[in-house]
$ cat query.txt   # compact mmCIF, C-alpha atoms
# COMPACT_ATOMS: atom_id res chain seq x y z
CA MET A 1 0.00 0.00 0.00
CA ILE A 2 1.44 3.34 -1.13
CA TRP A 3 0.12 6.05 1.18
CA GLN A 4 0.55 8.89 -1.36
CA LEU A 5 -1.66 7.02 -3.85
CA ASP A 6 -4.11 6.19 -1.08
CA LEU A 7 -4.37 9.83 -0.04
CA ALA A 8 -4.79 11.03 -3.62
CA ILE A 9 -7.65 8.59 -4.25
CA LEU A 10 -9.28 9.42 -0.91
CA THR A 11 -9.17 13.14 -1.81
CA LEU A 12 -10.78 12.35 -5.17
CA VAL A 13 -13.50 10.30 -3.45
CA THR A 14 -14.34 13.24 -1.18
CA LEU A 15 -14.24 15.72 -4.06
CA CYS A 16 -16.51 13.55 -6.23
CA ALA A 17 -18.96 13.04 -3.34
CA VAL A 18 -19.21 16.76 -2.56
CA ALA A 19 -19.43 17.67 -6.26
CA ALA A 20 -22.14 15.05 -6.90
CA ILE A 21 -24.48 16.58 -4.30
CA THR A 22 -23.78 20.24 -5.12
CA VAL A 23 -23.85 20.20 -8.93
CA LYS A 24 -27.09 21.50 -10.52
CA ASP A 25 -26.95 19.32 -13.63
CA LEU A 26 -28.46 15.93 -12.75
CA LEU A 27 -26.70 14.11 -15.60
CA GLY A 28 -23.41 15.56 -14.33
CA ALA A 29 -24.29 14.35 -10.84
CA ALA A 30 -24.89 10.83 -12.22
CA VAL A 31 -21.51 10.83 -13.98
CA LEU A 32 -19.78 12.20 -10.87
CA PHE A 33 -21.42 9.48 -8.81
CA GLY A 34 -20.00 6.91 -11.25
CA ALA A 35 -16.55 8.46 -10.82
CA TYR A 36 -17.01 8.34 -7.05
CA SER A 37 -17.89 4.63 -7.26
CA PHE A 38 -14.87 3.93 -9.41
CA MET A 39 -12.57 5.70 -6.94
CA MET A 40 -14.13 3.66 -4.12
CA CYS A 41 -13.46 0.55 -6.22
CA LEU A 42 -9.78 1.53 -6.42
CA LEU A 43 -9.71 2.02 -2.63
CA TRP A 44 -11.18 -1.45 -2.07
CA ALA A 45 -8.61 -2.92 -4.45
CA ILE A 46 -5.78 -1.15 -2.59
CA MET A 47 -7.04 -2.60 0.70
CA GLY A 48 -6.98 -6.09 -0.84
CA ALA A 49 -10.76 -6.61 -0.90
CA VAL A 50 -10.83 -7.64 -4.55
CA ASP A 51 -14.31 -9.17 -4.45
CA VAL A 52 -15.80 -5.99 -3.01
CA ALA A 53 -13.89 -3.92 -5.57
CA PHE A 54 -15.30 -6.06 -8.37
CA THR A 55 -18.84 -5.61 -7.05
CA GLU A 56 -18.32 -1.85 -6.67
CA ALA A 57 -17.02 -1.60 -10.24
CA SER A 58 -19.87 -3.59 -11.78
CA VAL A 59 -22.79 -2.41 -9.62
CA GLY A 60 -21.71 1.03 -8.42
CA ALA A 61 -19.81 2.39 -11.38
CA GLY A 62 -21.56 0.37 -14.08
CA VAL A 63 -25.22 -0.44 -13.71
CA SER A 64 -26.30 2.21 -11.18
CA THR A 65 -24.87 4.97 -13.39
CA VAL A 66 -26.99 3.60 -16.25
CA PHE A 67 -30.03 3.58 -13.93
CA PHE A 68 -29.38 7.19 -12.93
CA VAL A 69 -29.02 8.27 -16.56
CA ALA A 70 -32.25 6.43 -17.42
CA ALA A 71 -34.02 8.16 -14.52
CA VAL A 72 -32.66 11.59 -15.58
CA PHE A 73 -33.91 10.85 -19.11
CA ARG A 74 -37.43 10.56 -17.69
CA THR A 75 -37.26 13.77 -15.62
CA THR A 76 -35.76 17.22 -16.16
CA ARG A 77 -32.05 17.57 -16.42
CA ARG A 78 -31.73 20.60 -14.13
CA THR A 79 -32.48 20.41 -10.44
CA LYS A 80 -34.57 23.15 -8.88
CA ASP A 81 -32.91 23.51 -5.49
CA MET B 1 -33.12 24.78 7.27
CA LYS B 2 -30.09 24.02 5.12
CA ILE B 3 -27.75 25.18 7.90
CA VAL B 4 -29.49 22.96 10.46
CA GLY B 5 -29.16 20.00 8.08
CA LEU B 6 -25.48 20.73 7.51
CA LEU B 7 -24.92 21.02 11.26
CA ILE B 8 -26.56 17.63 11.89
CA VAL B 9 -24.54 16.00 9.13
CA VAL B 10 -21.25 17.46 10.36
CA LEU B 11 -22.03 16.52 13.97
CA SER B 12 -22.97 12.91 13.22
CA GLY B 13 -20.06 12.59 10.80
CA GLY B 14 -17.65 13.86 13.45
CA LEU B 15 -19.16 11.48 15.99
CA LEU B 16 -18.67 8.53 13.59
CA LEU B 17 -15.06 9.57 12.91
CA TYR B 18 -14.50 9.84 16.67
CA ALA B 19 -15.94 6.35 17.13
CA THR B 20 -13.58 4.84 14.54
CA GLU B 21 -10.73 5.68 16.95
CA ASP B 22 -11.86 2.69 19.04
CA PHE B 23 -11.65 0.30 16.08
CA PRO B 24 -8.66 -2.01 15.89
CA PRO B 25 -6.10 -0.75 13.31
CA TRP B 26 -6.55 -1.89 9.72
CA GLY B 27 -5.14 -5.40 9.23
CA ASP B 28 -4.34 -5.83 12.93
CA PRO B 29 -3.62 -9.54 13.57
CA ALA B 30 -4.63 -9.14 17.25
CA SER B 31 -8.14 -7.81 16.55
CA PRO B 32 -11.00 -10.06 17.70
CA ALA B 33 -12.14 -10.86 14.15
CA SER B 34 -8.74 -12.07 12.99
CA THR B 35 -7.88 -14.10 16.10
CA VAL B 36 -10.86 -16.49 16.18
CA VAL B 37 -13.10 -16.43 13.12
CA SER B 38 -10.86 -15.63 10.15
CA PRO B 39 -8.07 -18.21 10.81
CA ARG B 40 -10.70 -20.96 11.04
CA TYR B 41 -11.99 -20.10 7.54
CA LEU B 42 -8.55 -19.45 6.07
CA GLU B 43 -7.19 -22.79 7.27
CA LYS B 44 -10.22 -25.00 6.64
CA ALA B 45 -11.94 -23.54 3.57
CA VAL B 46 -9.87 -25.40 0.98
CA GLU B 47 -9.92 -28.61 2.99
CA GLU B 48 -13.67 -28.55 3.76
CA ALA B 49 -15.13 -27.04 0.60
CA SER B 50 -12.25 -27.36 -1.91
CA VAL B 51 -12.70 -23.70 -2.82
CA PRO B 52 -9.50 -21.64 -3.12
CA ASN B 53 -11.33 -18.29 -2.93
CA VAL B 54 -12.17 -18.02 0.76
CA VAL B 55 -14.51 -15.05 0.17
CA THR B 56 -16.75 -17.23 -2.02
CA ALA B 57 -16.60 -20.06 0.50
CA VAL B 58 -17.75 -17.76 3.32
CA LEU B 59 -20.35 -16.03 1.16
CA ALA B 60 -22.02 -19.06 -0.39
CA ASP B 61 -21.26 -21.86 2.05
CA TYR B 62 -20.52 -20.82 5.65
CA ARG B 63 -22.86 -17.81 5.40
CA GLY B 64 -25.12 -19.29 2.73
CA PHE B 65 -28.32 -18.41 4.58
CA ASP B 66 -27.31 -14.71 4.53
CA THR B 67 -26.66 -14.76 0.81
CA MET B 68 -29.99 -16.46 0.15
CA PHE B 69 -31.83 -13.55 1.72
CA GLU B 70 -29.57 -11.05 -0.05
CA THR B 71 -30.78 -12.64 -3.29
CA THR B 72 -34.35 -12.37 -2.02
CA VAL B 73 -33.76 -8.67 -1.27
CA ILE B 74 -32.65 -8.15 -4.88
CA PHE B 75 -35.74 -10.03 -6.09
CA CYS B 76 -37.91 -7.80 -3.87
CA ALA B 77 -36.20 -4.70 -5.31
CA GLY B 78 -37.14 -5.88 -8.80
CA VAL B 79 -40.73 -6.58 -7.75
CA ALA B 80 -40.97 -3.15 -6.03
CA CYS B 81 -39.66 -1.42 -9.16
CA PHE B 82 -42.18 -3.31 -11.28
CA VAL B 83 -45.13 -2.51 -8.99
CA LEU B 84 -44.21 1.18 -8.63
CA LEU B 85 -43.35 1.97 -12.23
CA ARG B 86 -45.22 -0.37 -14.55
CA ILE B 87 -48.25 1.21 -16.25
CA PHE B 88 -50.89 -0.96 -17.87
CA THR B 89 -53.31 1.67 -19.22
CA ARG B 90 -54.42 0.86 -22.74
CA VAL B 91 -54.64 4.43 -24.05
CA PRO B 92 -53.85 4.25 -27.78
CA GLU B 93 -50.55 6.03 -28.35
CA ASP B 94 -49.07 7.75 -31.35
CA ARG B 95 -46.43 5.78 -33.19
CA TYR B 96 -43.69 6.79 -35.54
CA TYR B 97 -42.46 4.69 -38.44
CA ARG B 98 -39.61 5.30 -40.79
CA HIS B 99 -39.68 4.26 -44.41
CA VAL B 100 -36.18 2.82 -44.69
CA PRO B 101 -35.47 3.26 -48.45
CA THR B 102 -36.49 6.93 -48.54
CA GLY B 103 -35.99 7.95 -44.90
CA VAL B 104 -39.48 9.48 -44.67
CA THR B 105 -41.02 9.43 -41.18
CA ILE B 106 -44.70 8.60 -40.77
CA HIS B 107 -46.67 9.68 -37.70
CA ILE B 108 -49.72 7.51 -36.98
CA LYS B 109 -52.13 8.81 -34.36
CA GLY B 110 -54.38 6.93 -31.98
CA GLY B 111 -52.96 3.43 -31.81
CA GLY B 112 -52.64 2.74 -35.52
CA LYS B 113 -50.04 0.19 -36.50
CA ILE B 114 -47.98 -0.92 -39.44
CA ASN B 115 -46.99 -4.58 -39.56
CA GLU B 116 -43.96 -4.83 -37.24
CA ARG B 117 -42.32 -7.48 -39.39
CA SER B 118 -42.35 -5.21 -42.41
CA LYS B 119 -38.94 -4.91 -44.05
CA VAL B 120 -39.73 -1.49 -45.52
CA PHE B 121 -41.01 0.27 -42.40
CA GLU B 122 -39.23 0.27 -39.07
CA ARG B 123 -40.75 1.51 -35.83
CA ILE B 124 -38.83 4.42 -34.27
CA ASP B 125 -39.05 6.17 -30.89
CA THR B 126 -40.63 9.59 -30.46
CA LEU B 127 -37.27 11.08 -29.54
CA TRP B 128 -35.46 9.29 -32.30
CA THR B 129 -31.86 10.05 -33.14
CA PRO B 130 -30.50 8.36 -36.25
CA TYR B 131 -28.75 5.07 -35.55
CA ASP B 132 -25.01 5.33 -35.71
CA LEU B 133 -23.41 2.55 -37.73
CA ILE B 134 -20.23 2.49 -35.62
CA ILE B 135 -22.06 2.34 -32.28
CA ARG B 136 -24.46 -0.36 -33.50
CA THR B 137 -21.73 -2.55 -34.99
CA VAL B 138 -19.33 -2.20 -32.06
CA CYS B 139 -22.07 -2.98 -29.53
CA ARG B 140 -23.26 -5.98 -31.55
CA LEU B 141 -19.70 -7.32 -31.67
CA LEU B 142 -19.07 -6.58 -28.00
CA VAL B 143 -22.20 -8.15 -26.49
CA PRO B 144 -21.22 -11.84 -26.96
CA PHE B 145 -17.82 -11.25 -25.38
CA ILE B 146 -19.37 -9.40 -22.42
CA GLN B 147 -21.78 -12.30 -21.92
CA LEU B 148 -18.98 -14.84 -22.16
CA PHE B 149 -17.00 -12.90 -19.57
CA ALA B 150 -20.07 -12.77 -17.32
CA LEU B 151 -20.47 -16.56 -17.53
CA TYR B 152 -16.77 -16.93 -16.76
CA VAL B 153 -17.13 -14.67 -13.71
CA ILE B 154 -20.05 -16.78 -12.43
CA ALA B 155 -18.45 -20.15 -13.13
CA HIS B 156 -14.95 -19.16 -11.97
CA GLY B 157 -16.16 -17.51 -8.75
CA HIS B 158 -14.54 -20.27 -6.67
CA HIS B 159 -11.06 -19.62 -7.94
CA SER B 160 -10.91 -15.90 -8.62
CA PRO B 161 -12.77 -12.77 -7.51
CA GLY B 162 -16.32 -12.76 -8.75
CA GLY B 163 -19.41 -14.85 -8.41
CA GLY B 164 -23.13 -14.69 -8.92
CA PHE B 165 -23.70 -11.03 -8.07
CA GLN B 166 -20.97 -9.58 -10.27
CA GLY B 167 -21.53 -12.03 -13.13
CA GLY B 168 -25.28 -11.44 -13.03
CA VAL B 169 -24.80 -7.68 -13.16
CA ILE B 170 -22.46 -7.96 -16.16
CA LEU B 171 -24.90 -10.33 -17.91
CA GLY B 172 -27.73 -7.85 -17.30
CA ALA B 173 -25.52 -4.98 -18.48
CA SER B 174 -24.96 -6.75 -21.82
CA ILE B 175 -28.73 -6.80 -22.45
CA ILE B 176 -28.95 -3.16 -21.33
CA LEU B 177 -26.23 -2.38 -23.88
CA VAL B 178 -28.46 -3.86 -26.59
CA ALA B 179 -31.30 -1.64 -25.36
CA ILE B 180 -29.11 1.47 -25.43
CA SER B 181 -27.39 0.84 -28.75
CA GLU B 182 -30.53 -0.18 -30.68
CA ASN B 183 -33.80 0.46 -28.86
CA LEU B 184 -35.72 -0.91 -25.92
CA ARG B 185 -37.94 -3.09 -28.10
CA ALA B 186 -34.88 -4.92 -29.47
CA ALA B 187 -33.84 -5.83 -25.91
CA ILE B 188 -37.38 -6.85 -24.92
CA GLY B 189 -37.46 -8.94 -28.11
CA ARG B 190 -34.43 -10.84 -26.81
CA ILE B 191 -35.73 -11.29 -23.25
CA SER B 192 -39.45 -10.66 -22.94
CA GLU B 193 -40.99 -9.16 -19.83
CA ARG B 194 -42.70 -12.44 -18.94
CA LEU B 195 -39.46 -14.44 -19.26
CA ASP B 196 -37.62 -11.79 -17.27
CA GLY B 197 -40.06 -11.98 -14.37
CA LEU B 198 -39.94 -15.76 -14.49
CA LEU B 199 -36.12 -15.81 -14.46
CA SER B 200 -35.88 -13.50 -11.45
CA ALA B 201 -38.06 -15.90 -9.48
CA ILE B 202 -36.30 -19.01 -10.85
CA GLY B 203 -32.93 -17.80 -9.52
CA VAL B 204 -34.21 -17.55 -5.95
CA PHE B 205 -35.97 -20.89 -6.44
CA ILE B 206 -32.70 -22.56 -7.53
CA TYR B 207 -30.94 -21.21 -4.44
CA ALA B 208 -33.66 -22.26 -2.00
CA GLY B 209 -34.17 -25.51 -3.93
CA ILE B 210 -30.56 -26.56 -3.48
CA GLY B 211 -30.95 -25.82 0.25
CA ALA B 212 -34.13 -27.88 0.40
CA LEU B 213 -32.45 -30.71 -1.56
CA CYS B 214 -29.74 -30.83 1.12
CA LEU B 215 -32.51 -31.05 3.72
CA LEU B 216 -34.15 -33.94 1.83
CA LEU B 217 -30.85 -35.80 1.62
CA GLY B 218 -30.48 -35.72 5.39
CA ALA B 219 -28.15 -32.75 5.91
CA ASN B 220 -28.96 -29.29 7.27
CA PHE B 221 -30.53 -26.58 5.09
CA LEU B 222 -27.85 -25.31 2.63
CA ASP B 223 -25.31 -27.78 4.03
CA TYR B 224 -23.98 -28.90 0.66
CA HIS B 225 -22.08 -31.98 1.83
CA GLY B 226 -25.47 -33.70 1.79
CA LEU B 227 -25.26 -33.54 -2.01
CA ALA B 228 -22.31 -35.95 -2.01
CA SER B 229 -24.59 -38.93 -2.67
CA LEU B 230 -25.97 -37.29 -5.85
CA LEU B 231 -22.79 -35.83 -7.32
CA PRO B 232 -19.50 -37.47 -8.27
CA GLY B 233 -16.59 -36.90 -5.91
CA ASP B 234 -16.22 -36.68 -2.17
CA GLN B 235 -17.84 -34.28 0.31
CA PRO B 236 -15.57 -31.24 -0.27
CA ALA B 237 -16.18 -31.60 -4.01
CA ALA B 238 -19.94 -31.73 -3.34
CA ARG B 239 -19.72 -28.50 -1.35
CA SER B 240 -17.82 -26.90 -4.21
CA HIS B 241 -20.54 -27.97 -6.65
CA GLY B 242 -23.22 -26.74 -4.27
CA ILE B 243 -21.56 -23.31 -4.19
CA LEU B 244 -21.51 -23.27 -8.00
CA GLY B 245 -25.23 -24.16 -8.06
CA VAL B 246 -26.27 -21.33 -5.77
CA GLU B 247 -24.00 -18.88 -7.62
CA ILE B 248 -25.87 -19.73 -10.82
CA GLY B 249 -29.16 -19.06 -9.03
CA VAL B 250 -27.89 -15.70 -7.75
CA GLY B 251 -26.61 -14.80 -11.22
CA ILE B 252 -29.96 -15.52 -12.90
CA THR B 253 -31.91 -13.45 -10.35
CA VAL B 254 -29.51 -10.49 -10.46
CA MET B 255 -29.47 -10.46 -14.28
CA ALA B 256 -33.26 -10.54 -14.55
CA VAL B 257 -33.76 -7.87 -11.88
CA MET B 258 -31.24 -5.51 -13.50
CA ILE B 259 -33.03 -5.84 -16.86
CA CYS B 260 -36.44 -5.38 -15.19
CA ILE B 261 -35.34 -2.21 -13.36
CA TYR B 262 -33.73 -0.73 -16.47
CA ASN B 263 -36.71 -1.47 -18.73
CA ASN B 264 -39.22 0.04 -16.34
CA LEU B 265 -37.04 3.03 -15.46
CA SER B 266 -36.05 4.05 -18.98
CA SER B 267 -39.50 3.58 -20.52
CA GLY B 268 -41.41 5.19 -17.65
CA GLY B 269 -43.23 1.91 -17.03
CA LYS B 270 -44.67 1.50 -20.53
CA GLN B 271 -41.96 -0.88 -21.76
CA ASP B 272 -42.40 0.49 -25.23
CA GLU B 273 -40.13 3.43 -25.94
CA GLY B 274 -36.99 3.90 -23.90
CA LEU B 275 -33.58 5.39 -23.77

$ encode --input "query.txt" --output "structure tokens"
Amino acid sequence: MIWQLDLAILTLVTLCAVAAITVKDLLGAAVLFGAYSFMMCLLWAIMGAVDVAFTEASVGAGVSTVFFVAAVFRTTRRTKD
Amino acid sequence: MKIVGLLIVVLSGGLLLYATEDFPPWGDPASPASTVVSPRYLEKAVEEASVPNVVTAVLADYRGFDTMFETTVIFCAGVACFVLLRIFTRVPEDRYYRHVPTGVTIHIKGGGKINERSKVFERIDTLWTPYDLIIRTVCRLLVPFIQLFALYVIAHGHHSPGGGFQGGVILGASIILVAISENLRAAIGRISERLDGLLSAIGVFIYAGIGALCLLLGANFLDYHGLASLLPGDQPAARSHGILGVEIGVGITVMAVMICIYNNLSSGGKQDEGL
């Protein structure tokens, strides 16, 4: 485990999480949430939990992003608050 | 109101961070979990279940009952999505058809139809963007390999990371890719709604059925060494095969539920025109 890499990814996770809830564009929020999931996947892989990383990559970064995009497609793209 | 919410979030977050101080350090060999429980699994998993991937052994064998209800939770999520989103009103809707040789679009109001098998007319969505040749061809070429990889992930879950959940999600994603690259009706043509609902129930049934089969053969529920009299090989081999069986069940359920959620979500419950 390289702590510099770990810290960089952890910073990105936090940035993506904060950006995903503050951004006004819902499609952007969905993409940022996918990026957040992928960074989490890297963190799991660094910690040696390969099975969890695999699940995070396929469910979190893959399918749930598609679900969010499909849901945004059925609503408006801009959030009101 | 926003400031109060922020305050609550920061306070509870700080409290959680403060509580993690009491946790044993990451990877500490003297922590309670790694002194009693983990060594037992690490030392005996290969011997008892002949499964090199200890995570799979714990997930599907030692904690098989847990995983069965996780699968049931996924099934319930699919059912909830279906009940909440699916619309069955038979209001005749406008349809759009495209005359392929000339590229002229026809708008038919009030439930009129052109024969769907017609080679000259193809049905298009209301928000139709022209099909891109590159995207269509690449996706068509990619889908079989994605599905093959998904089957590998399910079947090779004993030996490498992966298993029913991940493989099922990838298998569902391949069908979703068909829906995105062509249209939703092409994906529903491959796996119909009825088949999809049936498959999501069959997966849970396979899992619970293997458990019940163990019970019938004189072992405990989900205790796969009872299968040894049915399958070739000794008891550890039987447990390995039992794990493979339940992983297949999990994979089928997860795949069907992913497709069900996507179809209902992207078409707004009409299962007709989607993303």

$ residues_around --input "query.txt" --residues "Phe88 of chain B" --least-positions-apart "2" --cutoff "12 Å" --atoms "only C-alpha atoms" --output "PyMOL selection string"
chain B and resi 82-86+90-92+264+268-272

$ residues_around --input "query.txt" --residues "Ala29 of chain A" --least-positions-apart "2" --cutoff "12 Å" --atoms "all atoms listed in the file" --output "ChimeraX atom specification"
/A:16-27,31-36,65,68-69,72,77-79

$ closest_atom_pairs --input "query.txt" --of "chain A" --to "chain B" --cutoff "6 Å" --atoms "all atoms listed in the file" --output "Markdown table"
| residue | atom | partner | partner_atom | distance |
| --- | --- | --- | --- | --- |
| A:Asp51 | CA | B:Pro161 | CA | 5.0 |
| A:Thr55 | CA | B:Gln166 | CA | 5.5 |
| A:Ala70 | CA | B:Ser266 | CA | 4.7 |

$ closest_residue --input "query.txt" --among "B:Leu148, B:Ile106, B:Ile259, B:Val246" --to "Val178 of chain B" --atoms "all atoms listed in the file"
B:Ile259

$ residues_around --input "query.txt" --residues "Leu42 of chain B" --least-positions-apart "2" --cutoff "10 Å" --atoms "only C-alpha atoms" --output "list in words"
Val37, Ser38, Pro39, Arg40, Lys44, Ala45, Val46, Glu47, Pro52, Asn53, Val54, Val55, Ala57 and Val58 of chain B

$ residues_near_point --input "query.txt" --point "(-14.1, -28.8, -3.5)" --cutoff "8 Å" --atoms "all atoms listed in the file" --output "ChimeraX atom specification"
/B:46-51,235-241

$ residues_around --input "query.txt" --residues "Leu5 of chain A" --least-positions-apart "6" --cutoff "12 Å" --atoms "only C-alpha atoms" --output "mmCIF file with C-alpha atoms, in the frame of the given file"
data_model
loop_
_atom_site.group_PDB
_atom_site.id
_atom_site.type_symbol
_atom_site.label_atom_id
_atom_site.label_comp_id
_atom_site.auth_asym_id
_atom_site.auth_seq_id
_atom_site.Cartn_x
_atom_site.Cartn_y
_atom_site.Cartn_z
ATOM 1 C CA THR A 11 -9.170 13.140 -1.810
ATOM 2 C CA LEU A 12 -10.780 12.350 -5.170
ATOM 3 C CA MET A 39 -12.570 5.700 -6.940
ATOM 4 C CA LEU A 42 -9.780 1.530 -6.420
ATOM 5 C CA LEU A 43 -9.710 2.020 -2.630
ATOM 6 C CA ILE A 46 -5.780 -1.150 -2.590
ATOM 7 C CA MET A 47 -7.040 -2.600 0.700
#

$ residues_around --input "query.txt" --residues "Ala60 of chain B" --least-positions-apart "6" --cutoff "9 Å" --atoms "all atoms listed in the file" --output "JSON, numbers by chain"
{"B": [66, 67, 68, 242, 243, 244, 246, 247]}

$ axis_aligned_box --input "query.txt" --around "segment 13-31 of chain A" --padding-each-side "8 Å" --output "AutoDock Vina command-line options"
--center_x -21.0 --center_y 15.9 --center_z -8.4 --size_x 31.0 --size_y 27.2 --size_z 30.4

$ atom_distance --input "query.txt" --atom1 "atom CA of Gly64 of chain B" --atom2 "atom CA of Leu227 of chain B"
15.0 Å

$ closest_residue --input "query.txt" --among "A:Ile2, A:Ile9, A:Val50, A:Ala30" --to "Val63 of chain A" --atoms "only C-alpha atoms"
A:Ala30
